[in-house]
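Okay, so here's the structure we're looking at.
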Amino acid sequence: MSVADDIVIHTRDLKKHYVMGTETVRALRGVDVDIRRNEYIAIMGPSGSGKSTLMNLIGCLDTPTSGEYILNGQPVQDLDDDDLARIRNREIGFVFQTFNLLPRASALHNVELPLIYAGVSSRERMQRARKALEQVDLADRMDHKPNELSGGQRQRVAIARALVNQPSIILADEPTGNLDSVTSEEIMSVFDGLHRAGQTIIMVTHEPHITAHAERVITLRDGEIESHDARVLIPATGA
Amino acid sequence: MGLRATVKEGLLVAFDSLRANKVRSGLTILGVTIGVMVVLVMAAMVQGLNGSFKDIIASAGPTTFYVFHAPVGGGGLSTGLEEEENEFMRNPPLKIEWSRELARLEPIRQVAPGVDVSDWGYHARRGDTDVRISLYGVDAEYMDMDGGDLVDGRFFTATEESRRRAVAVIDSATAVDLFGGLDPLGKRFNIGRPGQRETPFEAVGVYRPPDNLFAGLKTHYVFAPFASVMKYVRVWDRMVYFVVKPHDGVELEVALEAVRTRMRQLRGLSPGEDDNFYLITQDQVMDWWNKFTGVFFAVMVALSGVGLLVGGVGVIGIMMISVTERTREIGLRKSLGARRRDLLWQFLVEAATLTLLGGAIGMALGGIIVWVIGALTPVPASVPLWSIAVALLASIFTGIGFGLYPAARGAGLDPVDALRYE
Ligand SMILES: Nc1ncnc2c1ncn2[C@@H]1O[C@H](COP(=O)(O)OP(=O)(O)O)[C@@H](O)[C@H]1O
Ligand SMILES: [Mg+2]
């Protein structure tokens, strides 16, 4: 196998084109990335540079127009829809800018969702969802609906949901984009904690100070990688 | 993902959206509600009528049959209305003395002539009080065959019959209307048609019709001895028929053949000629009845089909809205690992829940209507179990059938597009 064992994500010449009528948008123009287990990556870049598109490809929500993508040693282009759904379920944990919680479901039920699609028994679902909520410090908010929670709490529910099925990677697309700076720091410290516990994290952001939490920053511009910038992890707790 | 968890998830979603969109959901399921209600009530009525009908036949005795001079409504014998009317006029009436001839036949126990002028506008009058009655000329043993009860007085006797006495047994409705609170026994009233001569009759008994639908269709029964009706009321002799009771244990076919042979002699028919009289058996009446209820059933199925169709179209509409409203949710669920079939199930369960709920409401309403019918009318309407099963299945399948297209649309959405949907 050409890919090293601890490489979780390996892409070569990854391209994504959107055809809009007569026009073709080249959202990704050939991206090569390798991400190792336990890495904490920040993806930077101006709006429209292809960050979300790359995240969607990595998260198997979308398929590339061309190029190679190997996830945990498995070439993704060979997989059918059900396989991709299973990968999203087992290997990927998404965290969105807009939280994307089911508004009428409790925090607990929201966190349970991935386990429902994993076929986990309802007993075990409850246990694991509780544990995940405890991990993000929401043990006392399990039965609350999203509209009874603050923005930061909602995002923590979403993080618990991403964690609950123990994915290989957490993909967070601008997770603090809708939060004020204090709450943002609170959320970033949750990610720092996960990373310290060994979680692989890829996070899109366009706020430079957020990137300070990551080990490595990949900067995109016009669908291409502008720079790989390794840096020393700065402890989020600062103090 | 386990089917149970998917169904449960679909149920949760369904009840959420029901709670959130009560009016919209209510309107959607109205068609199904009405459809199911119609099926249920109709099925209960047919069931009840069937029961009544079988009771009547049973009370007359299974081998009892009738001799008519011409085809009677339905009967499986008529060749069309015009032909029937022709025969009604062309065939000579039955002569009353033939009933005694037929009674002499070996397989036959008893033959009673009857005359049914219940639809011919006869009235009973006492002083200024006047009611329209259903008049029957019957023999002294009529009560045995009818299944009703005498609540007061007596039935007329064979002697009264042979002496053509002007006596009558009236039903409770007639008794109340004509005599108010007074005891009608031994009192006189007049029978006749408006503008024609009236005959005084004496009330000797009060009768309660049997508890079945057919008793309920007509009211104000008056029974008088056949011969008296023929003498005083002077009804048309083409209204006369014979009720033939074979001996117990005699094969119906044997009795029929004997009566047919004798009737041909009495009619003076030569071997090549067709019968100009009709023998109607209980089976034929039952056939005719079944044909009638069959049509009734077909109409009912069509009606409820329309209801379910309307409901189904509503389901398509509401599910399209539901799918569109929850586009982002679809994207989210897919990002969490939901497969196409998981979402398909979720939406189908949602649609089926809607229609099942509509069906359940329809059943409840139908059940109430049936109960009211049972309480207020003589129809012994009762909801047959099979109709509950059919109604439930029909409403579930309406949801699944019509929900399929919107569900497939929703389940097939591209996850990225769905998540980007505003
Ligand atoms: N589904 C789509 N259809 C058409 N164009 C798209 C679609 N998704 C993204 N794009 C285009 O691709 C480019 C990259 O988009 P995106 O990856 O969302 O950028 P970023 O997340 O860095 O802001 C943009 O020009 C955007 O308009
Ligand atoms: Mg983006």
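FYI, nothing fancy with the structure tokens labels: chains A, B, ... in order, residues from 1 per chain, ligands from 1 as they appear.
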
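Using only C-alpha atoms and all ligand atoms, residues with at least one atom at most 7 Å away from any atom of ligand 2 are Ser47, Gly48, Lys51, Ser52 and Asp173 of chain A.
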
Could you list, as a ChimeraX atom specification, every residue of chain B that has an atom within 12 Å of an atom of chain A, counting only C-alpha atoms? /B:1-10,12-20,326-343,346,411-422

Could you save the residues just selected, with N, CA and C atoms, as a short mmCIF file (atom, residue, chain, number, x, y, z; two decimals), in the first residue's frame?
data_model
loop_
_atom_site.label_atom_id
_atom_site.label_comp_id
_atom_site.auth_asym_id
_atom_site.auth_seq_id
_atom_site.Cartn_x
_atom_site.Cartn_y
_atom_site.Cartn_z
N MET B 1 -29.55 0.16 9.54
CA MET B 1 -30.48 0.71 10.52
C MET B 1 -31.69 -0.19 10.65
N GLY B 2 -32.08 -0.46 11.89
CA GLY B 2 -33.21 -1.35 12.10
C GLY B 2 -34.50 -0.73 11.62
N LEU B 3 -35.40 -1.59 11.10
CA LEU B 3 -36.67 -1.09 10.59
C LEU B 3 -37.48 -0.45 11.72
N ARG B 4 -37.37 -1.08 12.89
CA ARG B 4 -38.16 -0.57 14.01
C ARG B 4 -37.79 0.86 14.36
N ALA B 5 -36.45 1.10 14.42
CA ALA B 5 -35.99 2.45 14.74
C ALA B 5 -36.40 3.43 13.65
N THR B 6 -36.36 2.98 12.39
CA THR B 6 -36.76 3.87 11.28
C THR B 6 -38.22 4.23 11.41
N VAL B 7 -39.04 3.19 11.66
CA VAL B 7 -40.48 3.43 11.77
C VAL B 7 -40.75 4.37 12.94
N LYS B 8 -40.03 4.13 14.04
CA LYS B 8 -40.23 4.97 15.22
C LYS B 8 -39.84 6.42 14.91
N GLU B 9 -38.72 6.55 14.21
CA GLU B 9 -38.26 7.89 13.83
C GLU B 9 -39.32 8.56 12.94
N GLY B 10 -39.86 7.77 11.99
CA GLY B 10 -40.90 8.30 11.12
C GLY B 10 -42.13 8.73 11.92
N LEU B 12 -42.20 9.69 15.08
CA LEU B 12 -41.86 10.91 15.81
C LEU B 12 -42.01 12.13 14.91
N VAL B 13 -41.40 12.01 13.72
CA VAL B 13 -41.47 13.12 12.77
C VAL B 13 -42.92 13.40 12.41
N ALA B 14 -43.67 12.31 12.17
CA ALA B 14 -45.07 12.48 11.77
C ALA B 14 -45.86 13.24 12.82
N PHE B 15 -45.70 12.84 14.08
CA PHE B 15 -46.48 13.51 15.12
C PHE B 15 -46.01 14.94 15.35
N ASP B 16 -44.69 15.16 15.19
CA ASP B 16 -44.18 16.53 15.26
C ASP B 16 -44.86 17.40 14.22
N SER B 17 -44.90 16.90 12.98
CA SER B 17 -45.43 17.77 11.93
C SER B 17 -46.94 17.88 12.05
N LEU B 18 -47.58 16.83 12.61
CA LEU B 18 -49.01 16.94 12.87
C LEU B 18 -49.30 18.04 13.88
N ARG B 19 -48.51 18.02 14.96
CA ARG B 19 -48.69 19.03 16.00
C ARG B 19 -48.45 20.42 15.44
N ALA B 20 -47.44 20.50 14.59
CA ALA B 20 -47.06 21.82 14.09
C ALA B 20 -48.04 22.33 13.03
N ARG B 326 -38.54 20.37 4.83
CA ARG B 326 -37.50 19.69 5.60
C ARG B 326 -36.30 19.31 4.74
N THR B 327 -36.09 20.10 3.68
CA THR B 327 -34.95 19.82 2.81
C THR B 327 -33.64 19.79 3.58
N ARG B 328 -33.44 20.81 4.41
CA ARG B 328 -32.19 20.84 5.18
C ARG B 328 -32.09 19.66 6.13
N GLU B 329 -33.22 19.30 6.71
CA GLU B 329 -33.22 18.14 7.60
C GLU B 329 -32.81 16.88 6.84
N ILE B 330 -33.27 16.78 5.59
CA ILE B 330 -32.89 15.63 4.78
C ILE B 330 -31.37 15.62 4.58
N GLY B 331 -30.83 16.81 4.24
CA GLY B 331 -29.38 16.92 4.07
C GLY B 331 -28.66 16.53 5.35
N LEU B 332 -29.16 17.03 6.47
CA LEU B 332 -28.53 16.73 7.75
C LEU B 332 -28.55 15.22 8.02
N ARG B 333 -29.74 14.63 7.86
CA ARG B 333 -29.85 13.20 8.15
C ARG B 333 -28.91 12.40 7.26
N LYS B 334 -28.80 12.82 6.00
CA LYS B 334 -27.87 12.12 5.11
C LYS B 334 -26.43 12.30 5.59
N SER B 335 -26.10 13.49 6.06
CA SER B 335 -24.73 13.71 6.53
C SER B 335 -24.45 12.86 7.77
N LEU B 336 -25.50 12.49 8.49
CA LEU B 336 -25.31 11.66 9.69
C LEU B 336 -25.34 10.17 9.36
N GLY B 337 -25.57 9.84 8.09
CA GLY B 337 -25.49 8.44 7.69
C GLY B 337 -26.80 7.81 7.26
N ALA B 338 -27.86 8.62 7.13
CA ALA B 338 -29.12 8.05 6.66
C ALA B 338 -28.97 7.65 5.19
N ARG B 339 -29.45 6.45 4.87
CA ARG B 339 -29.44 6.03 3.48
C ARG B 339 -30.74 6.47 2.83
N ARG B 340 -30.76 6.37 1.50
CA ARG B 340 -31.97 6.74 0.77
C ARG B 340 -33.18 5.99 1.33
N ARG B 341 -33.01 4.68 1.58
CA ARG B 341 -34.18 3.91 2.01
C ARG B 341 -34.63 4.27 3.42
N ASP B 342 -33.67 4.74 4.25
CA ASP B 342 -34.05 5.18 5.59
C ASP B 342 -35.01 6.36 5.50
N LEU B 343 -34.66 7.31 4.61
CA LEU B 343 -35.50 8.50 4.49
C LEU B 343 -36.81 8.17 3.79
N GLN B 346 -38.94 6.83 6.36
CA GLN B 346 -39.37 7.89 7.27
C GLN B 346 -40.58 8.64 6.69
N ALA B 411 -36.17 11.51 -0.47
CA ALA B 411 -35.07 10.59 -0.15
C ALA B 411 -33.95 10.66 -1.18
N GLY B 412 -34.30 11.08 -2.40
CA GLY B 412 -33.31 11.10 -3.46
C GLY B 412 -32.53 12.40 -3.56
N LEU B 413 -32.84 13.37 -2.68
CA LEU B 413 -32.15 14.66 -2.77
C LEU B 413 -30.65 14.50 -2.57
N ASP B 414 -29.91 15.35 -3.28
CA ASP B 414 -28.46 15.36 -3.10
C ASP B 414 -28.15 16.00 -1.74
N PRO B 415 -27.32 15.36 -0.92
CA PRO B 415 -27.12 15.86 0.45
C PRO B 415 -26.54 17.27 0.49
N VAL B 416 -25.59 17.56 -0.40
CA VAL B 416 -24.96 18.89 -0.38
C VAL B 416 -25.98 19.96 -0.76
N ASP B 417 -26.73 19.69 -1.84
CA ASP B 417 -27.76 20.65 -2.25
C ASP B 417 -28.77 20.84 -1.12
N ALA B 418 -29.15 19.73 -0.50
CA ALA B 418 -30.17 19.80 0.55
C ALA B 418 -29.67 20.64 1.73
N LEU B 419 -28.40 20.46 2.08
CA LEU B 419 -27.85 21.23 3.21
C LEU B 419 -27.72 22.71 2.89
N ARG B 420 -27.51 23.02 1.61
CA ARG B 420 -27.36 24.42 1.21
C ARG B 420 -28.71 25.11 1.06
N TYR B 421 -29.81 24.31 1.05
CA TYR B 421 -31.15 24.87 0.79
C TYR B 421 -31.52 25.88 1.86
N GLU B 422 -32.00 27.03 1.41
CA GLU B 422 -32.41 28.07 2.37
C GLU B 422 -33.92 28.01 2.53
#

Calculated over only C-alpha atoms and all ligand atoms, which of the candidates A:Gln199, A:Asn38, A:Asn147, A:Thr63 has the smallest distance to ligand 1?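 Ranking A:Gln199, A:Asn38, A:Asn147, A:Thr63 by distance to ligand 1, first place goes to A:Thr63.
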
With DSSP run on the backbone, what are the strand (DSSP E) residues within region 8-248 of chain B? I'd like them as a ChimeraX atom specification. /B:65-68,108-117,123-126,129-132,134-138,149-153,167-171,188-192,199-208,221-225,240-246

Residues near Asp139 (chain B), anyone? I mean within 10 Å using only C-alpha atoms, not counting same-chain ones fewer than 3 positions away, as a list in words.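 The neighbour list is Val111, Ala112, Pro113, Gly114, Val115, Tyr136, Tyr142, Met143, Phe155, Phe156, Thr157, Ala158, Glu161, Ser162, Phe223, Ala224, Pro225, Phe226, Ala227 and Val243 of chain B.
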
Output all heavy atoms for every residue in the selection just made, as a short mmCIF file (atom, residue, chain, number, x, y, z; two decimals), in the first residue's frame.
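The resulting file, out04.cif, is reproduced below:
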data_model
loop_
_atom_site.label_atom_id
_atom_site.label_comp_id
_atom_site.auth_asym_id
_atom_site.auth_seq_id
_atom_site.Cartn_x
_atom_site.Cartn_y
_atom_site.Cartn_z
N VAL B 111 -101.44 -24.24 1.97
CA VAL B 111 -101.35 -23.16 0.99
C VAL B 111 -102.26 -22.03 1.45
O VAL B 111 -103.44 -22.24 1.71
CB VAL B 111 -101.78 -23.61 -0.42
CG1 VAL B 111 -101.68 -22.46 -1.40
CG2 VAL B 111 -100.93 -24.79 -0.89
N ALA B 112 -101.70 -20.87 1.62
CA ALA B 112 -102.49 -19.73 2.08
C ALA B 112 -102.49 -18.65 1.01
O ALA B 112 -101.43 -18.22 0.58
CB ALA B 112 -101.91 -19.17 3.37
N PRO B 113 -103.67 -18.25 0.57
CA PRO B 113 -103.68 -17.10 -0.34
C PRO B 113 -103.42 -15.83 0.43
O PRO B 113 -103.74 -15.73 1.61
CB PRO B 113 -105.10 -17.12 -0.91
CG PRO B 113 -105.92 -17.80 0.12
CD PRO B 113 -105.03 -18.73 0.89
N GLY B 114 -102.77 -14.91 -0.22
CA GLY B 114 -102.51 -13.63 0.42
C GLY B 114 -102.74 -12.51 -0.58
O GLY B 114 -102.74 -12.75 -1.79
N VAL B 115 -102.96 -11.33 -0.06
CA VAL B 115 -103.04 -10.18 -0.96
C VAL B 115 -102.30 -9.03 -0.28
O VAL B 115 -102.53 -8.72 0.88
CB VAL B 115 -104.50 -9.83 -1.32
CG1 VAL B 115 -105.33 -9.54 -0.08
CG2 VAL B 115 -104.55 -8.65 -2.28
N TYR B 136 -102.79 -5.84 4.39
CA TYR B 136 -102.49 -7.20 3.92
C TYR B 136 -103.68 -8.09 4.18
O TYR B 136 -104.28 -8.05 5.26
CB TYR B 136 -101.30 -7.79 4.68
CG TYR B 136 -100.00 -7.09 4.42
CD1 TYR B 136 -99.67 -5.94 5.12
CD2 TYR B 136 -99.10 -7.59 3.49
CE1 TYR B 136 -98.48 -5.29 4.88
CE2 TYR B 136 -97.89 -6.96 3.25
CZ TYR B 136 -97.59 -5.81 3.94
OH TYR B 136 -96.41 -5.18 3.70
N TYR B 142 -100.94 -16.65 9.50
CA TYR B 142 -99.92 -15.75 8.99
C TYR B 142 -98.86 -15.43 10.03
O TYR B 142 -97.66 -15.41 9.75
CB TYR B 142 -100.56 -14.45 8.51
CG TYR B 142 -99.55 -13.41 8.07
CD1 TYR B 142 -99.03 -13.44 6.78
CD2 TYR B 142 -99.10 -12.44 8.96
CE1 TYR B 142 -98.10 -12.51 6.38
CE2 TYR B 142 -98.17 -11.51 8.56
CZ TYR B 142 -97.66 -11.54 7.28
OH TYR B 142 -96.74 -10.63 6.89
N MET B 143 -99.33 -15.20 11.25
CA MET B 143 -98.43 -14.79 12.32
C MET B 143 -97.25 -15.74 12.51
O MET B 143 -96.15 -15.33 12.81
CB MET B 143 -99.19 -14.69 13.65
CG MET B 143 -100.07 -13.48 13.76
SD MET B 143 -99.12 -11.99 13.99
CE MET B 143 -98.38 -12.35 15.56
N PHE B 155 -105.14 -12.93 17.22
CA PHE B 155 -105.20 -12.95 15.77
C PHE B 155 -106.58 -13.47 15.37
O PHE B 155 -107.28 -14.07 16.19
CB PHE B 155 -104.08 -13.85 15.22
CG PHE B 155 -103.56 -13.38 13.90
CD1 PHE B 155 -102.83 -12.18 13.81
CD2 PHE B 155 -103.81 -14.08 12.74
CE1 PHE B 155 -102.37 -11.73 12.60
CE2 PHE B 155 -103.34 -13.62 11.51
CZ PHE B 155 -102.62 -12.44 11.44
N PHE B 156 -106.99 -13.24 14.12
CA PHE B 156 -108.33 -13.72 13.77
C PHE B 156 -108.30 -15.24 13.58
O PHE B 156 -107.25 -15.85 13.36
CB PHE B 156 -108.88 -13.01 12.54
CG PHE B 156 -107.88 -12.79 11.45
CD1 PHE B 156 -107.58 -13.80 10.55
CD2 PHE B 156 -107.22 -11.57 11.35
CE1 PHE B 156 -106.67 -13.58 9.55
CE2 PHE B 156 -106.30 -11.36 10.35
CZ PHE B 156 -106.01 -12.36 9.44
N THR B 157 -109.42 -15.83 13.72
CA THR B 157 -109.53 -17.29 13.71
C THR B 157 -109.89 -17.79 12.31
O THR B 157 -110.30 -17.02 11.44
CB THR B 157 -110.64 -17.76 14.66
OG1 THR B 157 -111.88 -17.21 14.19
CG2 THR B 157 -110.37 -17.26 16.07
N ALA B 158 -109.74 -19.09 12.15
CA ALA B 158 -110.08 -19.71 10.87
C ALA B 158 -111.57 -19.52 10.56
O ALA B 158 -111.96 -19.34 9.41
CB ALA B 158 -109.73 -21.20 10.90
N GLU B 161 -112.15 -16.20 9.32
CA GLU B 161 -111.65 -16.13 7.97
C GLU B 161 -112.66 -16.74 7.00
O GLU B 161 -113.02 -16.14 5.99
CB GLU B 161 -110.31 -16.86 7.88
CG GLU B 161 -109.58 -16.53 6.60
CD GLU B 161 -108.30 -17.34 6.43
OE1 GLU B 161 -107.96 -18.14 7.33
OE2 GLU B 161 -107.66 -17.16 5.39
N SER B 162 -113.16 -17.96 7.35
CA SER B 162 -114.06 -18.61 6.41
C SER B 162 -115.39 -17.88 6.33
O SER B 162 -116.05 -17.91 5.31
CB SER B 162 -114.25 -20.09 6.80
OG SER B 162 -114.78 -20.15 8.11
N PHE B 223 -103.72 -6.12 9.22
CA PHE B 223 -103.93 -7.46 8.67
C PHE B 223 -105.40 -7.83 8.84
O PHE B 223 -105.96 -7.67 9.91
CB PHE B 223 -103.10 -8.49 9.42
CG PHE B 223 -101.64 -8.23 9.32
CD1 PHE B 223 -100.98 -7.51 10.31
CD2 PHE B 223 -100.91 -8.70 8.23
CE1 PHE B 223 -99.64 -7.26 10.21
CE2 PHE B 223 -99.56 -8.46 8.13
CZ PHE B 223 -98.91 -7.73 9.13
N ALA B 224 -105.97 -8.31 7.74
CA ALA B 224 -107.35 -8.78 7.83
C ALA B 224 -107.40 -10.13 7.15
O ALA B 224 -106.51 -10.47 6.36
CB ALA B 224 -108.27 -7.77 7.15
N PRO B 225 -108.41 -10.94 7.43
CA PRO B 225 -108.49 -12.24 6.74
C PRO B 225 -108.53 -12.02 5.24
O PRO B 225 -109.18 -11.09 4.75
CB PRO B 225 -109.81 -12.82 7.25
CG PRO B 225 -110.07 -12.13 8.54
CD PRO B 225 -109.50 -10.76 8.39
N PHE B 226 -107.83 -12.88 4.56
CA PHE B 226 -107.73 -12.75 3.12
C PHE B 226 -109.10 -12.62 2.45
O PHE B 226 -109.35 -11.72 1.67
CB PHE B 226 -106.98 -13.98 2.57
CG PHE B 226 -107.02 -14.08 1.09
CD1 PHE B 226 -106.22 -13.24 0.31
CD2 PHE B 226 -107.88 -14.97 0.45
CE1 PHE B 226 -106.27 -13.32 -1.06
CE2 PHE B 226 -107.93 -15.04 -0.92
CZ PHE B 226 -107.12 -14.21 -1.69
N ALA B 227 -110.00 -13.54 2.83
CA ALA B 227 -111.30 -13.58 2.17
C ALA B 227 -112.09 -12.30 2.45
O ALA B 227 -112.80 -11.78 1.58
CB ALA B 227 -112.09 -14.80 2.65
N VAL B 243 -99.02 -18.54 -0.64
CA VAL B 243 -97.86 -18.96 0.13
C VAL B 243 -97.97 -20.46 0.30
O VAL B 243 -98.96 -20.95 0.82
CB VAL B 243 -97.83 -18.28 1.52
CG1 VAL B 243 -96.55 -18.67 2.27
CG2 VAL B 243 -97.95 -16.78 1.39
#

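Of the residues listed (A:Lys145, A:Arg130, A:Arg221, A:Arg196), A:Arg221 shows the shortest atom-to-atom separation from ligand 1; distances use only C-alpha atoms and all ligand atoms.
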
Could you pull out the residues in region 63-102 of chain A that DSSP calls alpha helix (DSSP H) from the backbone, as a list of chain:residue names?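 Result set for region 63-102 of chain A (alpha helix (DSSP H)): A:Asp81, A:Asp82, A:Asp83, A:Leu84, A:Ala85, A:Arg86, A:Ile87, A:Arg88, A:Asn89, A:Arg90.
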
Residues as selected, N, CA and C atoms, written as a compact mmCIF listing (two decimals), in the first residue's frame, can you do that?
# COMPACT_ATOMS: atom_id res chain seq x y z
N ASP A 81 -23.79 4.51 -3.11
CA ASP A 81 -24.47 5.45 -2.19
C ASP A 81 -24.58 4.91 -0.77
N ASP A 82 -24.94 3.63 -0.66
CA ASP A 82 -25.11 3.07 0.68
C ASP A 82 -23.78 3.00 1.42
N ASP A 83 -22.71 2.66 0.68
CA ASP A 83 -21.38 2.63 1.32
C ASP A 83 -21.01 4.03 1.80
N LEU A 84 -21.28 5.01 0.96
CA LEU A 84 -20.95 6.39 1.34
C LEU A 84 -21.74 6.80 2.58
N ALA A 85 -23.01 6.39 2.63
CA ALA A 85 -23.82 6.71 3.81
C ALA A 85 -23.21 6.06 5.04
N ARG A 86 -22.74 4.82 4.87
CA ARG A 86 -22.15 4.13 6.02
C ARG A 86 -20.88 4.84 6.47
N ILE A 87 -20.07 5.31 5.50
CA ILE A 87 -18.85 6.04 5.87
C ILE A 87 -19.20 7.32 6.62
N ARG A 88 -20.19 8.06 6.11
CA ARG A 88 -20.59 9.29 6.80
C ARG A 88 -21.05 8.97 8.22
N ASN A 89 -21.68 7.82 8.34
CA ASN A 89 -22.20 7.43 9.65
C ASN A 89 -21.10 7.01 10.62
N ARG A 90 -20.11 6.22 10.12
CA ARG A 90 -19.12 5.62 11.02
C ARG A 90 -17.83 6.41 11.12

Contacts of Asp222 (chain A) within 9 Å, only C-alpha atoms, excl. fewer than 2 positions in-chain, as JSON, numbers by chain: {"A": [26, 27, 28, 29, 45, 46, 48, 49, 50, 220, 224, 225, 226]}

Within 6 Å of region 166-178 of chain B, counting only C-alpha atoms, which residues show up once you throw out same-chain ones fewer than 5 positions away? Write them as a list in words, please.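 Residues meeting the cut-off are Phe201, Glu202, Ala203, Val204, Gly205, Val206, Tyr207, Arg208, His220, Tyr221, Val222, Phe223, Ala224 and Ser228 of chain B.
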
Just-selected residues, N, CA, C and O atoms written as a short mmCIF file (atom, residue, chain, number, x, y, z; two decimals), in the first residue's frame:
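So again28.cif came out as:
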data_model
loop_
_atom_site.label_atom_id
_atom_site.label_comp_id
_atom_site.auth_asym_id
_atom_site.auth_seq_id
_atom_site.Cartn_x
_atom_site.Cartn_y
_atom_site.Cartn_z
N PHE B 201 -114.29 -2.18 9.94
CA PHE B 201 -113.62 -3.37 10.45
C PHE B 201 -113.54 -3.26 11.96
O PHE B 201 -113.47 -2.15 12.50
N GLU B 202 -113.48 -4.41 12.63
CA GLU B 202 -113.34 -4.41 14.08
C GLU B 202 -111.92 -4.82 14.44
O GLU B 202 -111.40 -5.81 13.91
N ALA B 203 -111.32 -4.04 15.32
CA ALA B 203 -109.96 -4.38 15.75
C ALA B 203 -110.03 -5.50 16.78
O ALA B 203 -110.71 -5.37 17.79
N VAL B 204 -109.32 -6.63 16.51
CA VAL B 204 -109.34 -7.73 17.47
C VAL B 204 -107.99 -7.95 18.13
O VAL B 204 -107.89 -8.63 19.13
N GLY B 205 -106.94 -7.36 17.57
CA GLY B 205 -105.62 -7.58 18.16
C GLY B 205 -104.67 -6.45 17.80
O GLY B 205 -104.89 -5.71 16.85
N VAL B 206 -103.65 -6.31 18.62
CA VAL B 206 -102.60 -5.34 18.33
C VAL B 206 -101.29 -6.12 18.15
O VAL B 206 -100.98 -7.02 18.92
N TYR B 207 -100.60 -5.73 17.14
CA TYR B 207 -99.48 -6.52 16.66
C TYR B 207 -98.22 -5.65 16.65
O TYR B 207 -98.27 -4.45 16.39
N ARG B 208 -97.07 -6.29 17.02
CA ARG B 208 -95.80 -5.57 16.91
C ARG B 208 -94.99 -6.25 15.81
O ARG B 208 -94.72 -7.45 15.90
N HIS B 220 -97.80 1.26 10.10
CA HIS B 220 -99.26 1.19 10.09
C HIS B 220 -99.77 -0.04 9.37
O HIS B 220 -100.50 0.03 8.39
N TYR B 221 -99.33 -1.19 9.86
CA TYR B 221 -99.77 -2.46 9.30
C TYR B 221 -101.20 -2.76 9.72
O TYR B 221 -101.57 -2.57 10.88
N VAL B 222 -101.97 -3.22 8.77
CA VAL B 222 -103.30 -3.75 9.13
C VAL B 222 -103.46 -5.09 8.43
O VAL B 222 -103.26 -5.20 7.21
N PHE B 223 -103.72 -6.12 9.22
CA PHE B 223 -103.93 -7.46 8.67
C PHE B 223 -105.40 -7.83 8.84
O PHE B 223 -105.96 -7.67 9.91
N ALA B 224 -105.97 -8.31 7.74
CA ALA B 224 -107.35 -8.78 7.83
C ALA B 224 -107.40 -10.13 7.15
O ALA B 224 -106.51 -10.47 6.36
N SER B 228 -111.89 -11.74 3.67
CA SER B 228 -112.62 -10.51 4.01
C SER B 228 -112.11 -9.35 3.18
O SER B 228 -112.88 -8.52 2.71
#

If we count only C-alpha atoms, what is near Gly314 (chain B) at a cut-off of 8 Å, once residues fewer than 3 positions away on the same chain are taken out, given as a PyMOL selection string? chain B and resi 27-29+31+310-311+317-318

May I have the selected residues written with all heavy atoms, as a tab-separated table (two decimals), in the first residue's frame?
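And here's out22.tsv as it stands now:
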chain	number	residue	atom	x	y	z
B	27	LEU	N	-57.06	18.90	7.12
B	27	LEU	CA	-57.70	18.98	5.82
B	27	LEU	C	-57.25	17.83	4.94
B	27	LEU	O	-58.04	17.26	4.18
B	27	LEU	CB	-57.36	20.32	5.14
B	27	LEU	CG	-58.05	21.53	5.76
B	27	LEU	CD1	-57.58	22.81	5.11
B	27	LEU	CD2	-59.57	21.40	5.61
B	28	THR	N	-55.96	17.49	5.06
B	28	THR	CA	-55.43	16.42	4.22
B	28	THR	C	-56.12	15.10	4.51
B	28	THR	O	-56.45	14.35	3.59
B	28	THR	CB	-53.92	16.25	4.47
B	28	THR	OG1	-53.30	17.50	4.28
B	28	THR	CG2	-53.34	15.22	3.54
B	29	ILE	N	-56.31	14.83	5.79
B	29	ILE	CA	-56.83	13.51	6.13
B	29	ILE	C	-58.35	13.44	6.04
B	29	ILE	O	-58.92	12.38	6.18
B	29	ILE	CB	-56.35	13.04	7.52
B	29	ILE	CG1	-56.87	13.95	8.62
B	29	ILE	CG2	-54.84	12.97	7.54
B	29	ILE	CD1	-56.34	13.58	9.99
B	31	GLY	N	-60.35	13.59	3.52
B	31	GLY	CA	-60.81	12.68	2.47
B	31	GLY	C	-60.78	11.24	2.95
B	31	GLY	O	-61.73	10.48	2.75
B	310	VAL	N	-59.31	11.35	-3.01
B	310	VAL	CA	-59.19	12.74	-2.60
B	310	VAL	C	-58.14	12.86	-1.49
B	310	VAL	O	-57.26	13.71	-1.52
B	310	VAL	CB	-60.55	13.29	-2.13
B	310	VAL	CG1	-60.40	14.66	-1.48
B	310	VAL	CG2	-61.53	13.36	-3.29
B	311	GLY	N	-58.26	11.95	-0.50
B	311	GLY	CA	-57.28	11.93	0.58
B	311	GLY	C	-55.88	11.72	0.04
B	311	GLY	O	-54.93	12.38	0.45
B	317	GLY	N	-49.90	16.31	-1.82
B	317	GLY	CA	-49.68	17.73	-1.58
B	317	GLY	C	-48.94	17.99	-0.28
B	317	GLY	O	-47.90	18.65	-0.26
B	318	ILE	N	-49.48	17.45	0.80
B	318	ILE	CA	-48.89	17.76	2.10
B	318	ILE	C	-47.50	17.16	2.21
B	318	ILE	O	-46.61	17.76	2.82
B	318	ILE	CB	-49.79	17.27	3.26
B	318	ILE	CG1	-49.39	17.99	4.56
B	318	ILE	CG2	-49.71	15.79	3.47
B	318	ILE	CD1	-50.31	17.70	5.71
